[in-house]
Every structure is written in C-alpha cells, then in structure tokens.
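Below is one structure, written out as structure tokens, with a few remarks after it.
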Amino acid sequence: MDRFSNAIINHKRIVFYLFIIAALVCAFLAMFVSVNYNMVDYLPKDAQSTVAIRIMEDEFENDFPNARVMIQNVSVMEAFEYKKKLSSISGVQSVTWLDDVTGIDILKTTPLEFLDNAIVENYYKNKSALYTLTIESGKELDALNEIYKVIGKDNAVSGDAVSLAKTQEMSATEVLKALGILLPIIIVILVVSTTSWIEPVLFLSAIGAAVLTNMGTNLIFKEVSFITLTVSPILQLAVSMDYAIFLLHSFEHHRRDHEPKQAMALAMKQAVPTVAASAITTVIGFAALLFMRFGVGSDLGLNLFKGVLLSFISVMVFLPALTLMLHKLIDKTKHRKLIPSVNKAGNLLMKLRIPSLIIALLIVIPCFLGQSETKFLYGTGSIANVDRIKRDTTLINKEFGDENIFSLLVPKENPGKESELASELDKMPYVTNVVSYSTYVGAEIPQEFVPKDVSKQFYSDNYVRILIYTDMKDEGKETFKTVETIKDTAGKYYDEHYLAGQSATLYDMKNVLDVDTNVVNGIAVLGIFITLLVTFRSLSLPFILLFTIETAIWINLSIPYFMGSSLSYVGYLIVSTVQLGATVDYAILFTNSYLENRKSLSKKEAMTKTIQTNVSAILTSAGILASAGFAMALTTSIPVVYDLGVLVGRGTLLSLAMVALVLPALLVLFDKAIMKTTLKNQFKMEGD
C-alpha cells in the first residue's frame with residue numbers, strides 16, 4: 001500500500017492529466033454508444049413472444065402494427081389521399097384502412113350506409129378516419145416527425161411506436177435535466193458538511209470523471225438499455241460520493257499532525273479498507289441484478305457494477321493527486337463548519353429509540369404483506385407526461401376506443417382449420433375484429449389467384465399470420481387472461497403456435513419477472529449477509545442490520561399498495577436491490593462506531609456518542625442519494641424511471657430513519673447477545 005500511495009503522490013501531475021484525458025475521451029466516446037429503447041429485446045430468447053417476433057422478422061416483410069393515426073373532418077376520398085401520404089413516409093412499412101377490408105373498388109362505388117356498419121366504424125366514424133400503421137423498428141423517431149408534418153397539429157397519432165420515439169428523443173436530455181437539479185443540491189449539501197469552499201469541487205471532479213469514464217467505456221458493449229442510459233449516471237454519482245467524502249475527511253484529520261504528502265499517504269491507507277468495504281456492499285446489490293433473466297436488470301447491474309469500480313479507482317488514485325495539487329487552495333478557502341451541532345440530537349434520538357422500535361415492530365408485518373400485494377405494471381409505460389401524446393391518445397380513444405392488436409402465428413396447413421380458428425377467436429370477449437386470409441380474402445380462394453402483395457400479408461413459406469384486434473388495455477388481469485385464452489384456443493387447432501403483440505410481450509415479461517424477484521432478492525440478501533458476517537465476525541449483527549434495512553424496503557414498497565396505486569415492476573425489482581446495497585452502508589458505519597465506543601463506554605453512553613458522531617455523515621450521504629432519486633422523478637416523462645426515482649428517494653429517507661431511530665434501540669437491546677456472538681468484541685462490561 002505504501003508503494004502504491006507513494007507512486008501516486010510522487011507522480012500526481014501525471015495521474016491528474018491521465019485521468020482528465022481519459023474522462024474527456026470517454027465523454028466523446030459516450031456519444032457513440034448504441035442505446036436500445038425496445039424492452040422486447042431484453043426478454044429471454046426462448047420467451048414465446050420473442051420467438052413470435054423473430055419468426056415474423058424472418059418470414060414476413062412487415063413488422064407488427066404499432067401506431068394509429070386519426071385524421072378528423074375528412075371525406076372518404078380525402079381519407080384515401082392521406083393514406084397515400086402516410087404510406088410514402090420513409091420508415092412506414094404499411095398503412096391499413098377501411099379499403100383494405102372492403103376492397104377499394106367497393107368502397108369507392110358503394111355508399112357507406114350499405115356497408116357493414118360494425119366494420120366501417122372501426123376505420124371511419126363521424127368524418128374521422130383511423131389508420132393502423134406499421135413503422136419499421138429503429139426508424140420510429142424520424143417517421144413520427146414526418147407523420148406530424150403530414151397530419152398537422154389538429155389530428156392525432158398514438159401507439160407503441162410513438163412512445164418509443166419520444167423515449168428516444170427524451171432519454172439523453174433527461175439525464176442532463178436531472179443533473180441540473182441534482183448538482184446544485186449536492187453542492188449545497190457538501191458546502192454545509194465540509195470546511196472548505198473548494199472541497200465540493202474535488203468531490204464532484206473525482207466522481208464526475210468516473211461517471212464520464214463509465215459512460216464512454218460502455219462502447220465495449222453492443223448496446224445499453226435506455227433505462228441504463230437514464231438512471232446509471234445519476235445512481236453512480238449518488239452512491240459513490242461517500243468514497244470521496246471519507247478520503248478527504250481522513251486527509252483533513254491527518255493534516256493536523258502531518259505534512260500534506262504524508263497526511264495523504266496515511267489517509268489512503270486508512271481509506272482503502274473502509275471504502276472497499278462500502279463499495280463491496282453496494283456492488284453486491286448491483287451484482288444481484290446480473291442474475292435477472294430479464295436483460296434490463298443485468299444491463300443496469302453490469303453498468304453500475306463497472307461504475308462503482310471506476311468510482312473506487314478514481315477516489316483512490318485521481319482524488320489524492322488532485323487534492324495534493326490544490327491543497328493550498330483548500331487552506332485558503334476554509335470556512336467554519338456550517339452544519340449545526342448534533343449533540344442534542346443524540347439525546348433526542350436516544351429517547352425516541354424505544355417508541356420507534358415499537359412502531360417498526362407493529363408495521364413490519366403489514367408492510368411485508370402489503371408490498372407482496374402491490375399491483376404492478378410490467379411495461380415501461382406510455383410517455384404520459386408529454387402533452388401531445390397524452391392529448392392524441394385521448395382523442396383517438398374517445399372516438400374509436402382502445403385498440404390492442406395481437407399477431408397469432410400458426411403453421412401453414414389447412415385453410416379450413418385456419419378459418420375455424422379465426423371464427424372461434426372472433427367470438428371471444430374484447431375481440432373487435434379478426435383479420436386473416438380466410439376472413440379478408442376467403443378460405444375457398446386459392447392463394448395463387450390472389451395478388452402477391454395481399455397474400456404475403458397473411459402467408460409466408462411456413463406460417464399463417466392472423467391479426468386479432470381487441471379493445472383491452474395493454475396489461476391487467478383481464479388482458480393477461482385473454483392472452484391465455486387466445487393461446488389455449490390456438491392450441492386446440494395447432495400443436496405449434498406463437499402470439500406476438502404488446503400484451504403478449506408483457507405477459508411473458510410478467511412470468512419472467514415473477515421468477516426474477518425471488519432469485520435477485522435472495523442473492524442480494526445472501527450476499528449482504530455473508531459480507532456482514534465477515535465484516536463483523538458476528539452471528540447476530542447481520543440479522544439486526546438486515547432487519548433494519550429490509551424493514552425500510554418493505555415500508556417503501558408497500559406504500560403504493562396502501563395508497564391504491566400501481567407500481568412499475570422493473571422499478572420495484574431494481575430498487576429492492578439498490579436500496580439494500582446502497583443504504584446498508586449507513587447501518588455498517590453506525591454499527592462499527594458503536595462497537596468501537598463500546599470498548600470504553602457503557603452501552604447507552606456508547607450509543608449516545610455513536611449518534612452524535614455519525615448522524616451528520618449519514619445525513620450527508622442520505623441527502624445526496626435521496627436527492628438523486630427525486631431529481632430523476634422530477635425530470636423524467638418515462639413512467640418506469642419516475643417510479644424508480646421516487647422509490648430510491650423515498651427508500652433512502654426510510655433507511656435513514658430506520659438507522660437513526662430503530663437501529664440504536666436494537667443495538668442497545670441486544671447488546672448482551674451481540675457481545676456473546678461476536679468474536680473479539682472487547683466490550684466494556686456494564687458497571688466497570
């Protein structure tokens with residue numbers, strides 16, 4: 001360790017310039033990292049809906065219908081013209097309208113009142129025309145901008161492709177917006193908790209360099225998810241700021257008796273095991289996400305795993321060099337400590353510890369049960385806060401109702417069997433229309449007598465495609481029941497069948513995530529438990545610390561249940577590991593201090609001193625992480641990111657409350673048990 005620290009101290013300028021160059025290069029490379037906005041790609045490859053999409057890509061020319069466009073106040077002939085304009089837009093693979101169902105000649109020559117009204121009103125109603133579009137994957141944003149030009153401000157467009165396009169447009173800017181809110185808050189927190197005006201700059205420089213390096217090194221991956229792009233920089237900044245704070249505080253402590261270089265060498269030696277232990281617990285929480293079958297979790301987990309490692313390196317290498325280069329400026333910008341004394345808080349928290357413990361014990365079981373009953377949303381959600389999308393979706397749904405389309409793929413066998421299946425599907429609840437070769441052309445008409453551009457919509461070399469139109473929401477109990485019914489119905493006619501569509505994808509996502517929950521949470525808890533066991537060499541302390549943080553997690557995740565609201569499942573699964581890994585450090589710091597104080601003080605005196613010496617540090621750390629969560633929530637229009645931000649912010653404050661109010665009671669109450677189950681505890685005996 002001495003050689004390592006001396007090498008950094010003696011070559012501080014080289015270290016400084018190397019890190020600055022690396023950060024700038026990585027900031028440039030970050031612009032070339034490919035971002036995936038399609039959650040379907042993160043389902044397991046053997047998921048039924050994933051296989052269906054792969055078959056459609058291989059066997060059929062057009063993708064799945066993913067947008068609706070409504071043109072108001074148009075005649076039938078004007079509606080034809082709009083269809084031509086929409087069809088000519090680059091990225092729009094197909095446009096389906098009433099003429100595709102009735103035939104263009106019939107529609108042009110037959111008055112609408114002589115056609116089947118139930119069919120007509122699916123496409124043309126109150127002088128409004130509704131088109132179903134298939135927009136090519138990867139071209140959603142450009143196509144949407146061209147659609148807006150064609151239809152103008154008074155008409156409407158909605159659908160999965162629209163949400164995807166807006167997600168692409170907003171993800172990168174939302175990181176900057178969140179940082180715009182978060183950085184001033186962090187600066188204020190650091191200014192209040194430090195004694196130099198320049199120290200916050202050092203903290204942010206060290207962690208900022210690590211964040212930029214992490215974003216740039218993502219180029220080694222094929223792509224990252226948009227959730228990782230939006231969330232990872234904020235979480236990395238928040239969870240690793242403690243490392244820099246600890247090193248500089250240790251440096252300031254040693255400066256009282258040593259020259260700057262020697263003080264830094266001692267600070268680095270002291271900081272490495274402490275910062276490493278803190279980083280390990282955080283990394284374990286993130287590493288648990290790697291075991292998710294749903295790829296977004298492993299994508300985010302790997303990115304944050306790498307980010308925490310880079311933050312650790314930056315704090316232990318770059319920050320010492322930067323601090324020594326600027327130590328004279330630090331001395332010149334000294335100010336008195338602005339944070340008020342917490343001595344009185346120590347006495348107050350000691351008085352509140354028993355009532356707090358009683359409250360925690362009373363609510364822990366209801367909260368545990370409540371969080372398991374929370375209603376979940378499995379999709380990433382529509383971009384509901386974007387004014388035009390919200391308005392357009394409302395306009396279309398008000399006029400034509402909800403539309404949820406499925407694509408059923410079955411082997412190309414007997415046209416009669418296909419016709420029977422289509423007929424049975426058409427009788428199902430919520431099904432508004434079934435479009436297949438047999439319903440569109442007629443099972444009795446041979447394929448070779450039908451124009452190729454018509455038949456290829458339904459037939460490939462090996463499969464038949466049947467489109468099922470429903471008026472259900474994308475997800476929910478009835479929707480998932482309908483998905484199962486469609487599969488069961490197809491199974492009566494075909495041994496092989498595949499269902500694609502937003503709801504089919506969400507159904508598979510639900511099944512995958514339900515399994516992921518137990519795996520990820522189990523790995524995270526087991527990993528943290530083993531770390532605590534090794535750290536404290538105690539059989540009792542791991543249980544006490546895990547109870548403290550897990551109770552905070554259960555309270556956090558049960559709040560939506562008691563409020564009667566739904567919660568993004570992706571956010572729920574991620575935060576349960578992030579909150580555990582990031583905030584268990586507060587409990588570790590608190591417990592370490594208590595064990596040290598118990599060597600010379602009685603249990604109550606030791607706890608009072610522990611509170612007085614640690615509350616301000618925990619407040620600083622929790623303030624930064626909670627601010628990061630709420631900053632994400634305030635600046636995003638993406639529901640899953642909003643939920644994750646709220647959960648992180650609220651969960652951090654709950655963990656803070658549990659550590660400050662309940663953990664003192666547990667440590668004092670189980671003091672004898674801790675003494676008996678902890679190796680080499682060196683506790684002072686009560687009454688000595």
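The way I read the labels, and the way they are meant: chains A, B, ... in the order of the structure tokens, residue 1 as the first residue of every chain, and ligand 1 as the first ligand shown, with later ones counted on from there.
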
Surrounding residues of Ser565 (chain A) excluding itself and chain neighbours under 6 positions, 9 Å, only C-alpha atoms, as a PDB file with C-alpha atoms, in the first residue's frame:
```pdb
ATOM      1  CA  THR A 374     -48.921  -4.299  -4.650  1.00  0.00           C
ATOM      2  CA  LYS A 375     -50.429  -4.061  -8.138  1.00  0.00           C
ATOM      3  CA  PHE A 376     -47.701  -3.962 -10.748  1.00  0.00           C
ATOM      4  CA  ILE A 559     -46.822   2.436   0.184  1.00  0.00           C
TER       5      ILE A 559
END
```

* To do: Looking only at alpha helix (DSSP H) from DSSP on the backbone, list the matching residues of region 128-162 of chain A as an MDAnalysis selection string.
  => chainID A and resid 140:151 160:162

Pairwise distance for CA of Gln168 (chain A) and CA of Asp299 (chain A), rounded to one decimal in Å:
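Rounded to one decimal, the two atoms are 17.6 Å apart.
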
Worksheet item: Near region 218-229 of chain A, counting only C-alpha atoms, which residues have an atom at most 6 Å away, once you skip same-chain residues fewer than 6 positions from it, shown as a VMD selection string?
Response: chain A and resid 33 to 37 300

Inset, instruction - as a ChimeraX atom specification, please: all residues of region 477-674 of chain A that backbone DSSP puts in strand (DSSP E or B). - result: /A:498-500,538,566-568

Output file for the residues above (N, CA and C atoms, as a PDB file, in the first residue's frame):
```
ATOM      1  N   TYR A 498     -47.660 -19.290 -31.911  1.00  0.00           N
ATOM      2  CA  TYR A 498     -46.919 -18.203 -31.261  1.00  0.00           C
ATOM      3  C   TYR A 498     -47.764 -16.937 -31.298  1.00  0.00           C
ATOM      4  N   LEU A 499     -47.732 -16.188 -30.200  1.00  0.00           N
ATOM      5  CA  LEU A 499     -48.524 -14.969 -30.097  1.00  0.00           C
ATOM      6  C   LEU A 499     -47.607 -13.777 -29.860  1.00  0.00           C
ATOM      7  N   ALA A 500     -47.741 -12.762 -30.696  1.00  0.00           N
ATOM      8  CA  ALA A 500     -46.961 -11.531 -30.564  1.00  0.00           C
ATOM      9  C   ALA A 500     -47.892 -10.358 -30.320  1.00  0.00           C
ATOM     10  N   SER A 538     -19.658 -11.729  13.446  1.00  0.00           N
ATOM     11  CA  SER A 538     -20.737 -11.839  14.429  1.00  0.00           C
ATOM     12  C   SER A 538     -21.905 -12.607  13.826  1.00  0.00           C
ATOM     13  N   SER A 566     -50.665   1.671  -8.631  1.00  0.00           N
ATOM     14  CA  SER A 566     -49.838   0.625  -9.231  1.00  0.00           C
ATOM     15  C   SER A 566     -48.382   1.079  -9.264  1.00  0.00           C
ATOM     16  N   LEU A 567     -47.498   0.101  -9.445  1.00  0.00           N
ATOM     17  CA  LEU A 567     -46.064   0.369  -9.401  1.00  0.00           C
ATOM     18  C   LEU A 567     -45.378  -0.381 -10.529  1.00  0.00           C
ATOM     19  N   SER A 568     -44.419   0.271 -11.167  1.00  0.00           N
ATOM     20  CA  SER A 568     -43.642  -0.399 -12.205  1.00  0.00           C
ATOM     21  C   SER A 568     -42.854  -1.554 -11.599  1.00  0.00           C
TER      22      SER A 568
END
```

Shell of 7 Å around Tyr131 (chain A), only C-alpha atoms, local chain residues under 5 positions omitted, as a PDB file with N, CA and C atoms, in the first residue's frame:
```pdb
ATOM      1  N   ARG A  68     -51.360   4.258 -34.471  1.00  0.00           N
ATOM      2  CA  ARG A  68     -52.664   4.639 -35.029  1.00  0.00           C
ATOM      3  C   ARG A  68     -52.646   6.131 -35.344  1.00  0.00           C
ATOM      4  N   VAL A  69     -53.181   6.475 -36.498  1.00  0.00           N
ATOM      5  CA  VAL A  69     -53.279   7.880 -36.908  1.00  0.00           C
ATOM      6  C   VAL A  69     -54.746   8.197 -37.172  1.00  0.00           C
ATOM      7  N   MET A  70     -55.221   9.287 -36.606  1.00  0.00           N
ATOM      8  CA  MET A  70     -56.601   9.722 -36.827  1.00  0.00           C
ATOM      9  C   MET A  70     -56.606  11.086 -37.515  1.00  0.00           C
ATOM     10  N   VAL A  95     -49.792   0.828 -44.219  1.00  0.00           N
ATOM     11  CA  VAL A  95     -50.896   1.606 -43.669  1.00  0.00           C
ATOM     12  C   VAL A  95     -52.177   0.846 -43.986  1.00  0.00           C
ATOM     13  N   THR A  96     -52.912   0.478 -42.959  1.00  0.00           N
ATOM     14  CA  THR A  96     -54.156  -0.270 -43.142  1.00  0.00           C
ATOM     15  C   THR A  96     -55.341   0.641 -42.851  1.00  0.00           C
ATOM     16  N   TRP A  97     -56.321   0.605 -43.787  1.00  0.00           N
ATOM     17  CA  TRP A  97     -57.537   1.391 -43.572  1.00  0.00           C
ATOM     18  C   TRP A  97     -58.743   0.599 -44.065  1.00  0.00           C
ATOM     19  N   TYR A 123     -62.945   2.075 -38.712  1.00  0.00           N
ATOM     20  CA  TYR A 123     -61.988   2.825 -39.523  1.00  0.00           C
ATOM     21  C   TYR A 123     -62.461   4.241 -39.879  1.00  0.00           C
TER      22      TYR A 123
END
```

Which of these residues is nearest to Ile198 (chain A), using only C-alpha atoms: A:Leu144, A:Leu29, A:Ile330, A:Ile185?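 Looking at the shortest contact to Ile198 (chain A), the residue is A:Ile330.
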
A straight line from CA of Leu526 (chain A) to CA of Ala552 (chain A) spans 17.5 Å

- Polymer residues at most 12 Å from Val464 (chain A), only C-alpha atoms, same-chain spacing of 6 or more positions, as an MDAnalysis selection string: chainID A and resid 52 55:56 59:60 407:415 417:419 421:422 435:438 455:458 494 496:499

Since we have the selection now, will you write its residues out, keeping C-alpha atoms, as a PDB file, in the first residue's frame?
```
ATOM      1  CA  ALA A  52     -43.054 -14.958 -32.440  1.00  0.00           C
ATOM      2  CA  ILE A  55     -40.479 -15.629 -36.862  1.00  0.00           C
ATOM      3  CA  MET A  56     -42.280 -12.548 -38.198  1.00  0.00           C
ATOM      4  CA  GLU A  59     -40.907 -14.966 -42.559  1.00  0.00           C
ATOM      5  CA  PHE A  60     -42.861 -11.749 -43.203  1.00  0.00           C
ATOM      6  CA  SER A 407     -50.493 -11.364 -34.143  1.00  0.00           C
ATOM      7  CA  LEU A 408     -51.076 -15.112 -33.960  1.00  0.00           C
ATOM      8  CA  LEU A 409     -48.693 -17.337 -35.948  1.00  0.00           C
ATOM      9  CA  VAL A 410     -49.647 -20.911 -36.757  1.00  0.00           C
ATOM     10  CA  PRO A 411     -48.188 -23.448 -39.207  1.00  0.00           C
ATOM     11  CA  LYS A 412     -49.291 -23.201 -42.829  1.00  0.00           C
ATOM     12  CA  GLU A 413     -51.552 -26.240 -43.114  1.00  0.00           C
ATOM     13  CA  ASN A 414     -55.258 -26.485 -43.867  1.00  0.00           C
ATOM     14  CA  PRO A 415     -57.148 -23.254 -44.848  1.00  0.00           C
ATOM     15  CA  LYS A 417     -58.653 -25.190 -39.971  1.00  0.00           C
ATOM     16  CA  GLU A 418     -57.405 -21.601 -40.167  1.00  0.00           C
ATOM     17  CA  SER A 419     -60.939 -20.409 -40.926  1.00  0.00           C
ATOM     18  CA  LEU A 421     -59.768 -20.847 -35.633  1.00  0.00           C
ATOM     19  CA  ALA A 422     -60.432 -17.304 -36.870  1.00  0.00           C
ATOM     20  CA  VAL A 435     -58.210 -10.353 -39.925  1.00  0.00           C
ATOM     21  CA  SER A 436     -56.780 -13.393 -41.678  1.00  0.00           C
ATOM     22  CA  TYR A 437     -56.598 -14.748 -45.196  1.00  0.00           C
ATOM     23  CA  SER A 438     -59.861 -16.589 -44.659  1.00  0.00           C
ATOM     24  CA  SER A 455     -51.344 -12.913 -49.749  1.00  0.00           C
ATOM     25  CA  LYS A 456     -47.898 -12.152 -48.322  1.00  0.00           C
ATOM     26  CA  GLN A 457     -49.548 -10.184 -45.530  1.00  0.00           C
ATOM     27  CA  PHE A 458     -51.009 -13.447 -44.233  1.00  0.00           C
ATOM     28  CA  TYR A 494     -52.350 -26.421 -33.766  1.00  0.00           C
ATOM     29  CA  GLU A 496     -47.288 -25.127 -32.649  1.00  0.00           C
ATOM     30  CA  HIS A 497     -48.473 -21.549 -32.203  1.00  0.00           C
ATOM     31  CA  TYR A 498     -46.919 -18.203 -31.261  1.00  0.00           C
ATOM     32  CA  LEU A 499     -48.524 -14.969 -30.097  1.00  0.00           C
TER      33      LEU A 499
END
```

Q) Hey, what's within 8 Å of region 315-323 of chain A if we count only C-alpha atoms and toss same-chain stuff fewer than 3 positions away? As a PyMOL selection string, please? A) chain A and resi 8-9+11-13+15-16+19+202-203+206-207+243-244+247+264+268+272+311-312+326-327

Let me see the file: selected residues, C-alpha atoms, as a PDB file, in the first residue's frame.
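Contents of the output file out.pdb:
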```pdb
ATOM      1  CA  ILE A   8       0.511   8.399  -6.861  1.00  0.00           C
ATOM      2  CA  ILE A   9       1.776  11.165  -4.585  1.00  0.00           C
ATOM      3  CA  HIS A  11       3.572  11.437  -9.845  1.00  0.00           C
ATOM      4  CA  LYS A  12       0.457  13.409  -9.052  1.00  0.00           C
ATOM      5  CA  ARG A  13       0.590  15.600 -12.172  1.00  0.00           C
ATOM      6  CA  VAL A  15      -2.025  10.917 -12.712  1.00  0.00           C
ATOM      7  CA  PHE A  16      -4.053  14.123 -12.961  1.00  0.00           C
ATOM      8  CA  PHE A  19      -7.497  10.929 -15.701  1.00  0.00           C
ATOM      9  CA  LEU A 202     -12.879  17.998  -5.609  1.00  0.00           C
ATOM     10  CA  PHE A 203     -15.666  15.552  -4.765  1.00  0.00           C
ATOM     11  CA  ALA A 206     -13.392  12.735  -8.830  1.00  0.00           C
ATOM     12  CA  ILE A 207     -16.820  11.120  -9.153  1.00  0.00           C
ATOM     13  CA  TYR A 243     -15.950   7.323  -1.014  1.00  0.00           C
ATOM     14  CA  ALA A 244     -14.590  10.771  -1.858  1.00  0.00           C
ATOM     15  CA  LEU A 247     -10.949  10.088   1.880  1.00  0.00           C
ATOM     16  CA  MET A 264      -2.458  11.831   2.143  1.00  0.00           C
ATOM     17  CA  MET A 268      -5.191   6.494   1.601  1.00  0.00           C
ATOM     18  CA  VAL A 272      -8.787   1.733   1.235  1.00  0.00           C
ATOM     19  CA  SER A 311     -15.502   5.423  -8.819  1.00  0.00           C
ATOM     20  CA  PHE A 312     -13.384   3.482  -6.326  1.00  0.00           C
ATOM     21  CA  LEU A 326      -4.874  22.035  -4.773  1.00  0.00           C
ATOM     22  CA  HIS A 327      -4.194  21.676  -1.033  1.00  0.00           C
TER      23      HIS A 327
END
```

Give me the region 182-256 of chain A side of the contact with region 625-632 of chain A, cut-off 8 Å, one line per residue showing its nearest atom pair and distance in Å at one decimal, counting only C-alpha atoms, sorted by chain and residue number, as JSON lines.
```
{"residue": "A:Leu182", "atom": "CA", "partner": "A:Ala631", "partner_atom": "CA", "distance": 5.9}
{"residue": "A:Ile185", "atom": "CA", "partner": "A:Ser627", "partner_atom": "CA", "distance": 7.2}
{"residue": "A:Ile186", "atom": "CA", "partner": "A:Ser627", "partner_atom": "CA", "distance": 7.9}
{"residue": "A:Val231", "atom": "CA", "partner": "A:Met632", "partner_atom": "CA", "distance": 7.6}
{"residue": "A:Ile234", "atom": "CA", "partner": "A:Ala628", "partner_atom": "CA", "distance": 6.2}
{"residue": "A:Leu235", "atom": "CA", "partner": "A:Ala628", "partner_atom": "CA", "distance": 6.9}
{"residue": "A:Ala238", "atom": "CA", "partner": "A:Leu625", "partner_atom": "CA", "distance": 4.9}
{"residue": "A:Val239", "atom": "CA", "partner": "A:Leu625", "partner_atom": "CA", "distance": 6.3}
```

Would you write out those residues with C-alpha atoms, as an mmCIF file, in the first residue's frame?
```cif
data_model
loop_
_atom_site.group_PDB
_atom_site.id
_atom_site.type_symbol
_atom_site.label_atom_id
_atom_site.label_comp_id
_atom_site.auth_asym_id
_atom_site.auth_seq_id
_atom_site.Cartn_x
_atom_site.Cartn_y
_atom_site.Cartn_z
ATOM 1 C CA LEU A 182 -29.052 17.328 -8.537
ATOM 2 C CA ILE A 185 -28.340 20.244 -4.269
ATOM 3 C CA ILE A 186 -25.168 18.155 -3.860
ATOM 4 C CA VAL A 231 -30.535 6.002 -14.465
ATOM 5 C CA ILE A 234 -27.311 9.555 -11.502
ATOM 6 C CA LEU A 235 -27.110 6.483 -9.270
ATOM 7 C CA ALA A 238 -25.019 9.389 -5.687
ATOM 8 C CA VAL A 239 -23.892 6.047 -4.281
#
```

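For His249 (chain A), the list of residues within 10 Å, based on only C-alpha atoms and with local chain neighbours fewer than 6 positions off taken out, reads A:Thr194, A:Thr195, A:Glu199, A:Arg255, A:Ala267, A:Ala271.
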
Can those selected residues be exported to a file as a CSV table (one decimal), in the first residue's frame so that it contains N, CA and C atoms?
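This is the output file part18.csv:
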```
chain,number,residue,atom,x,y,z
A,194,THR,N,-18.8,20.4,4.8
A,194,THR,CA,-17.3,20.4,4.8
A,194,THR,C,-16.9,21.8,5.3
A,195,THR,N,-15.6,22.0,5.4
A,195,THR,CA,-15.0,23.2,5.9
A,195,THR,C,-14.2,24.0,4.9
A,199,GLU,N,-13.7,22.1,-1.5
A,199,GLU,CA,-13.8,20.6,-1.4
A,199,GLU,C,-15.0,20.0,-2.2
A,255,ARG,N,-4.0,16.0,8.4
A,255,ARG,CA,-3.3,17.2,8.2
A,255,ARG,C,-2.9,18.0,9.5
A,267,ALA,N,-4.0,8.9,4.9
A,267,ALA,CA,-5.4,8.9,4.6
A,267,ALA,C,-5.8,7.8,3.6
A,271,ALA,N,-8.2,4.7,4.2
A,271,ALA,CA,-9.5,4.8,3.4
A,271,ALA,C,-9.7,3.5,2.6
```

Using only C-alpha atoms, the residue out of A:Pro355, A:Gly491, A:Gly645, A:Pro233 with shortest distance to Leu425 (chain A) is A:Gly491

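Taking CA of Val162 (chain A) and CA of Ala30 (chain A) as endpoints, the distance between them is 25.4 Å.
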
Of A:Ala209, A:Val575, A:Ile618, A:Leu667, the one sitting nearest Ile21 (chain A) when using only C-alpha atoms is A:Ala209

Glu136 (chain A) proximity check over A:Pro111, A:Gly379, A:Gly91, A:Gly581, using only C-alpha atoms: winner is A:Gly91

| task | Point out the residue among A:Ala67, A:Ala288, A:Ala210, A:Leu43 with the least atom-to-atom distance to Ala161 (chain A), counting only C-alpha atoms. | result |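 Closest to Ala161 (chain A) of all the choices is A:Ala67.
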
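Of the residues listed (A:Thr636, A:Ser600, A:Ser576, A:Thr393), A:Ser576 shows the shortest atom-to-atom separation from Thr652 (chain A); distances use only C-alpha atoms.
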